[in-house]
Amino acid sequence: MDRIMRVEPLSWHEARHRLRQTLENYLKEEPSKPVSTSTSACTPVKRSLTSQWIYYDLDLYAGSLLLTIALLVVSCISWLARAGVISNTVLNATAALSVYKTQCAASLVLLAGATMSLYMLRSRQKLWYNDSENAKRRIIRNFLRKSLRGKNVAAKSEDISHRVPAVVMESNERNIHGTSLTDNYPVYRVCDQNGQASAAWSRVPSLLLVQGDIIALQIGDLAPADCTLVEETSISLTFRIGETITTESLRDDVNFTMLPVGRSTFPKNSEHFLPLCNGLRVFLVMETPLKKSLRTPSVLPQPSETFRQLIEIRKLLSVIALICLLLTTFVSFVRLDSVNGDLSLLLPLPLLSAIGILPVVGPAFLFITEILGTARILTIVHHLAAPRSGEDYVRRYFLNSRLLLRYIVATLLSRLSLWQFFLWSGDIIGTLFLIRLGKENMLPVPPVSQCLLEKLGVATCVSVVDDQIVCEPHAIPQQLIIPSARGLKLLDLCLTHDEDSDHDSDDSRSSSSDSSDNEAQFLSLRGGSVFRRLPGGKMRSKEAPANSTVAVEKSSIYEVQFEDPTWWQYLPSLKCIGLASLVVDGNKNEFVSSNRDGDCRFDRLSDARSKLVPFVCRERRSNQLRALGQCIGFSSEPNASGDRGDLSPYMEKLRLHILSKSMVNERLEIDAHERSSEQSRWWGYVRPDATSVIVQDSRSKAYQVLTIGDPSVVIELCHEAWQGEISTILPLAAGDRRTILETTNDWKLADLDVTAFAYSPIPRTLENRIDDVATEDRLYLFDGITDMSWAGKSKNPSDEWSLAKNQVFLGVLGSFVVPRGEIQRLLKAFAGAGVRFVYFSPRNMRRQKELAIQLSIDVSWNAAISLRPLESGEDEDPHRMTSAYADWDVNARLPHGVDDVKRHLEEVDNVPLLVSLFTDVTKQTTRDMIEVFQEYSDTVISVGSTMPWNEAIFSTADIAVGIDIFDEHCAHDNESEDGRAPIATGSEIEFASGISAHSCAFRFRNASSVSHLSDIMQQGRAALAATTAACIFLLNGCLAFSFFVLFCACSLSTVVPFVPALGSVLYLQIVLPIIGLALCMTDAEPNVMKHVPPKNDQSITFRRREGKILYTMLVIKAIPPALSSAIMWLIAYGALMLTHERELLLRECPNAEVWANVIRCEALKYYSGPARINAGDLALSHLVLCVIICSTSFVYRFHLIVDQLPICRNHVWALSVFISIGLTVLYLSLTVDSVSRATLPWYYYLFSVVNPLVCLVWNELCKRIEARTERRADKLRRLQFETRLGAYSPK
């Protein structure tokens, strides 16, 4: 007892100080190493010689770096020998001195490029293991720097830690109206307001809890931290983080012995409310939960198919480079007399032939293309996730915006680990780049280990792991049962349709409503489900004034209408239902009373418990009631009746909240999988089982009582029923009672929110009693009778119970939480894009079946799989819905549990991989199933709320998308001026979400933003396709250069052609990168979302014939530019010799009258004059021009240029082409004089124009073969995607 009495609540200042200490201590620790879930990572692999060559990056070290150094050495020695500094007997350098100077300069540039590529490769490899941890630490540093600096805990919204426009805050502090199911836990802390300290309860995310906090947990909650029970008991109970609080773990049942027997009235703030709140208890946090979250190591993802293909291409290029090096060396030295030849112009040829293919510029190019692709995706996510008001955003031209440049710089700094430099000198960088870095909220750059660019475009599965993302936040009225003269009448409701779009359907429905249909509605409702699918309609919302919580809630009401056109015949009873709906729901006081009274000392356990009572007591409010009232014809808008509309004549006098002990027992007996959507929404609060409102009609001065609540509670208060169409009140028959209870039970099992209505006028004899209790605005009535057999033997009920008895039954409303319209539209987009949608639901199949129908998920065959394993000896799942016809277990014996799923996949078929609905899930089984999907080659995108329990799922998925649902659960209180205790600031809530979602690629600010996921996926596919085309263009250009050097060595001329090193730099490190990077900006093709992405099979690098065709086309496309440029060298060399070296030709080759005879003259074997040099410049420029023109064919890999004009789809590429041509012309003007250019024959210029066009046509012909192969592969993938049965079913 003494131990309990010494426990005191923490102050908000102390709690924030402890949180800051935890973060600072974590930053001082060594970063944790990531773990790999791949089984291949733990298995030793025997690598081939080429694999080891690539694994140790020897193509960089022993290839490009070593050869560029050798080229630099040869160039420097040649320069020194030609200048006479050293002996010239070995190299025999005879060319002009300027040739060797430019050769040295070019060699230095090539060496710098190889060094830069090596640096970028090493940086990426380092980031691969540390970037995820760095992202977490960056969030913490920014939070400490901006949000927890000194006393500035009320930071402004622009001080959000890491520039994520996720939570839009209108004030410093936020009232969190969520529950423990949304990771908002009641915490008891001391606040200091107006110089006075007081303790109060408030809700905060679990990651903001610290050691020493006092929290409240109920049965069914997951322990948010290691905590111990703080109760006046001799038993000390401790719960580990993530452990479920159960009656068994508490070692006793909920204490109902202290509750009064029979029907009684609870006093204000009575502690009897806490047992009724699912056995709410007070706990003490023993360890800060943030510690475990921060120390959880990140998970290394599986390598993507693009990564594996890149490794194979590197192997191939290494082999080709070695072949070109050896072959060029052999051919060159066989043709030359090593004693008399000019080795200074010959030795660079083998080196350049290998350098052209080896990764000199390739790694840096890939590094930058990944940055461009990632920035391109982030740019569109920025617009879609955080749209600005009044901004006319056109997606087609987003690449021209300055925002793209900001994201390019931000991604570059992130990939180079220069974020600290960015934070220190953001203003300077912004000035240099003429952009506002850091001045606008920007999305965080995803870690490089997530491979966003590589995986987003080939995602094959999208999994949603939270109900809040799939379902609407409010239920929609769907069916109403009312008494009538011919029995119970069923009235269906549907969403209001647009008059224009649904005119025909309305007419047809009206014409079909004949007497036979009406008669069918009066059939007995007993023993069968009357649930019907809700017809599609339009959700309308009204404009609401800003900063008005009530207005915001009203704007979210769905407009509904009755399907039966004769519904007005029952208007007499419906008017009472509509009035009750608006009156009961119209109270603005959300809390019973403030919980701030008292001082900050925790002298007694009852102090915290008594303040906890008003904190957990909530009014019975729901949007579906307002929608029903408006459907019937009531309006709360100001009109002639008064400011409250049709409610103006009715003055509320008293509220009676009824609590039933039997209903509490029922809620405690169900498990988490049986919990309904409505129960989940009110989890953690004492919600009345029924509410009776006594109103006075100002016109007649009469009192009336209107009741809404659970049917089992309301029907016990009723003895009569109102038959609306004849305005007659008759006794409520026992058969009707039984039918109503059976029907409502079926509705509940189908996850409907069921509400009963009752009404009664207050007799004159009881009106004085209302005046006696008028000092209380509400009373709580407790029904402690659980066995009706001894109800008459119980104590006399309290006087207040007489006000709620003897009512008239009006009807029962069934409301259903429908899926969001965004999800339904998203499913259609995914189906067309070949992406499988998977929904992981925590509820059982009986509750999720109707939702699956609403989502257009087939429930008649291979419908769903329960991840709740069957117990030992259990043959059937009692939570499945069974029928005499077709159902999930009748048609297909699908597995139960993850282990059974794995066994089914190995031994039977792949049907579990085709299922779209998994029920009875937990966070652990969800993570296990995602791993199963990945094991069977799926690239999984997981979408979930940014809660700590989803962190493991986010880390496991290939790409994670976090949803900040605080916008829907963190509403401003209607009475913010009442001095309620401070709560978590916006920056703290943002920090908690950021840490939980640090492994997410994106974060959206609410669930409705998920509708943009298909647009983001489209941009991801476009970015991946453009980047792939750019890389293939670079490979093709490098191969063309190496083949050109090889063809020069094998030239028909007696002299070996000269390949200028400076021109090689222009080609390899300027023209190719400029055009290649510009190709990364290509817009998406029109049908990009109609293709089925390939699976990420780890055992396959290239699909059938894909690698063979790719390699073949790379070689075939590279030969024409190289060969034509080598021929152009012959023409240029012969023509220039005839012009500049006429005397030499007359002396050595008198019969050489045309260029064909000149090139075969043996006397010119060792010639190294200007004709040979200028011919090399002209030939290389021709190669550059051919490749530039051929880049037109690489804008789209599989679309002909006649189908998609490249200049219309990529303006950046068109600009780069003009720039590259200009650089080529500038290079020629500097290296070849005007006289030489003028002496070239006319057909040389003709070939200079025709050859690039011929190469372009050749590329288009080759593209037809590639496109035909890709179309066949896409059709096969589409066939596999559309297959509903297993591909190997049965085995």
# chains A, B, ... in the order shown; residues from 1 in each chain; ligands from 1

call {"tool": "residues_around", "arguments": {"residues": "A:Asp900", "least_positions_apart": "4", "cutoff": "12 Å", "atoms": "only C-alpha atoms", "output": "list in words"}}
result
Ile865, Ser866, Leu867, Arg868, Pro869, Leu870, Arg893, Leu894, Pro895, His896, His904, Leu905, Glu906, Glu907, Val908, Pro912, Thr925, Met929 and Val932 of chain A

call {"tool": "residues_around", "arguments": {"residues": "A:Asp751", "least_positions_apart": "4", "cutoff": "10 Å", "atoms": "only C-alpha atoms", "output": "PyMOL selection string"}}
result
chain A and resi 674-679+745-747+814-817+843-844+846-851

call {"tool": "closest_residue", "arguments": {"among": "A:Phe1002, A:Gly212, A:Arg1278, A:Ala734", "to": "A:Met442", "atoms": "only C-alpha atoms"}}
result
A:Phe1002

call {"tool": "select_by_dssp", "arguments": {"residues": "stretch 946-1095 of chain A", "states": "strand (DSSP E)", "output": "ChimeraX atom specification"}}
result
/A:959-963,1002-1004

call {"tool": "closest_atom_pairs", "arguments": {"of": "stretch 729-845 of chain A", "to": "stretch 649-657 of chain A", "cutoff": "6 Å", "atoms": "only C-alpha atoms", "output": "Markdown table"}}
result
| residue | atom | partner | partner_atom | distance |
| --- | --- | --- | --- | --- |
| A:Asp777 | CA | A:Leu654 | CA | 5.4 |
| A:Arg778 | CA | A:Arg655 | CA | 4.4 |
| A:Leu779 | CA | A:Leu656 | CA | 5.0 |
| A:Tyr780 | CA | A:His657 | CA | 4.7 |
| A:Leu781 | CA | A:His657 | CA | 5.9 |

call {"tool": "write_last_selection", "arguments": {"atoms": "N, CA, C and O atoms", "output": "mmCIF file, in the first residue's frame"}}
result
data_model
loop_
_atom_site.group_PDB
_atom_site.id
_atom_site.type_symbol
_atom_site.label_atom_id
_atom_site.label_comp_id
_atom_site.auth_asym_id
_atom_site.auth_seq_id
_atom_site.Cartn_x
_atom_site.Cartn_y
_atom_site.Cartn_z
ATOM 1 N N ASP A 777 -27.850 17.866 -15.637
ATOM 2 C CA ASP A 777 -28.173 17.855 -17.060
ATOM 3 C C ASP A 777 -28.251 16.451 -17.624
ATOM 4 O O ASP A 777 -28.774 16.241 -18.711
ATOM 5 N N ARG A 778 -27.745 15.456 -16.870
ATOM 6 C CA ARG A 778 -27.814 14.068 -17.302
ATOM 7 C C ARG A 778 -27.656 13.153 -16.100
ATOM 8 O O ARG A 778 -27.019 13.509 -15.095
ATOM 9 N N LEU A 779 -28.222 11.967 -16.227
ATOM 10 C CA LEU A 779 -28.141 10.955 -15.189
ATOM 11 C C LEU A 779 -27.764 9.630 -15.838
ATOM 12 O O LEU A 779 -28.121 9.361 -16.991
ATOM 13 N N TYR A 780 -27.063 8.796 -15.078
ATOM 14 C CA TYR A 780 -26.684 7.471 -15.555
ATOM 15 C C TYR A 780 -27.485 6.437 -14.786
ATOM 16 O O TYR A 780 -27.418 6.361 -13.553
ATOM 17 N N LEU A 781 -28.257 5.634 -15.523
ATOM 18 C CA LEU A 781 -29.064 4.561 -14.962
ATOM 19 C C LEU A 781 -28.376 3.236 -15.234
ATOM 20 O O LEU A 781 -27.990 2.956 -16.382
#

call {"tool": "atom_distance", "arguments": {"atom1": "atom CA of A:Leu229", "atom2": "atom CA of A:Glu287"}}
result
13.7 Å

call {"tool": "residues_around", "arguments": {"residues": "stretch 90-100 of chain A", "least_positions_apart": "4", "cutoff": "6 Å", "atoms": "only C-alpha atoms", "output": "list in words"}}
result
Trp79, Arg82, Asp342, Leu343, Ser344 and Ser1168 of chain A

call {"tool": "write_last_selection", "arguments": {"atoms": "N, CA and C atoms", "output": "mmCIF file, in the first residue's frame"}}
result
data_model
loop_
_atom_site.group_PDB
_atom_site.id
_atom_site.type_symbol
_atom_site.label_atom_id
_atom_site.label_comp_id
_atom_site.auth_asym_id
_atom_site.auth_seq_id
_atom_site.Cartn_x
_atom_site.Cartn_y
_atom_site.Cartn_z
ATOM 1 N N TRP A 79 53.822 13.152 -74.422
ATOM 2 C CA TRP A 79 53.983 14.612 -74.410
ATOM 3 C C TRP A 79 55.424 14.995 -74.085
ATOM 4 N N ARG A 82 57.693 14.063 -76.990
ATOM 5 C CA ARG A 82 57.570 14.970 -78.125
ATOM 6 C C ARG A 82 58.165 16.334 -77.823
ATOM 7 N N ASP A 342 54.745 4.819 -84.833
ATOM 8 C CA ASP A 342 54.477 5.849 -83.824
ATOM 9 C C ASP A 342 53.577 5.237 -82.762
ATOM 10 N N LEU A 343 54.210 4.738 -81.695
ATOM 11 C CA LEU A 343 53.438 4.096 -80.633
ATOM 12 C C LEU A 343 52.623 5.097 -79.811
ATOM 13 N N SER A 344 52.968 6.352 -79.852
ATOM 14 C CA SER A 344 52.242 7.345 -79.059
ATOM 15 C C SER A 344 50.804 7.501 -79.528
ATOM 16 N N SER A 1168 51.702 10.500 -89.536
ATOM 17 C CA SER A 1168 51.049 11.020 -88.327
ATOM 18 C C SER A 1168 50.819 12.521 -88.441
#

call {"tool": "closest_residue", "arguments": {"among": "A:Leu1123, A:Leu372, A:Ile770, A:Asn623", "to": "A:Leu1079", "atoms": "only C-alpha atoms"}}
result
A:Leu372

call {"tool": "closest_residue", "arguments": {"among": "A:Ser916, A:Ser692, A:Ser304, A:Ser332", "to": "A:Lys1095", "atoms": "only C-alpha atoms"}}
result
A:Ser304

call {"tool": "residues_around", "arguments": {"residues": "stretch 189-191 of chain A", "least_positions_apart": "5", "cutoff": "8 Å", "atoms": "only C-alpha atoms", "output": "list in words"}}
result
Pro9, Leu10, Ser11, Trp12, Ala197, Ser198, Ala199, Ala200, Trp201, Ser202, Asp213, Ile214, Cys600, Ala981 and Pro982 of chain A

call {"tool": "residues_around", "arguments": {"residues": "stretch 1107-1112 of chain A", "least_positions_apart": "4", "cutoff": "12 Å", "atoms": "only C-alpha atoms", "output": "ChimeraX atom specification"}}
result
/A:308-310,312-317,320,1028-1029,1032-1033,1035-1036,1039,1100-1103,1116-1119,1197,1262-1270

call {"tool": "residues_around", "arguments": {"residues": "A:His998", "least_positions_apart": "3", "cutoff": "8 Å", "atoms": "only C-alpha atoms", "output": "NGL selection string"}}
result
:A and (132 or 135-136 or 994-995)

call {"tool": "select_by_dssp", "arguments": {"residues": "stretch 868-1082 of chain A", "states": "helix (DSSP H, G or I)", "output": "ChimeraX atom specification"}}
result
/A:888-891,898-907,911-913,923-935,948-956,966-969,976-978,986-996,1007-1049,1061-1079

call {"tool": "residues_around", "arguments": {"residues": "A:Arg1209", "least_positions_apart": "6", "cutoff": "9 Å", "atoms": "only C-alpha atoms", "output": "ChimeraX atom specification"}}
result
/A:1081-1085,1195

call {"tool": "closest_residue", "arguments": {"among": "A:Cys1208, A:Leu1200, A:Leu1068, A:Ile1221", "to": "A:Ile1188", "atoms": "only C-alpha atoms"}}
result
A:Ile1221
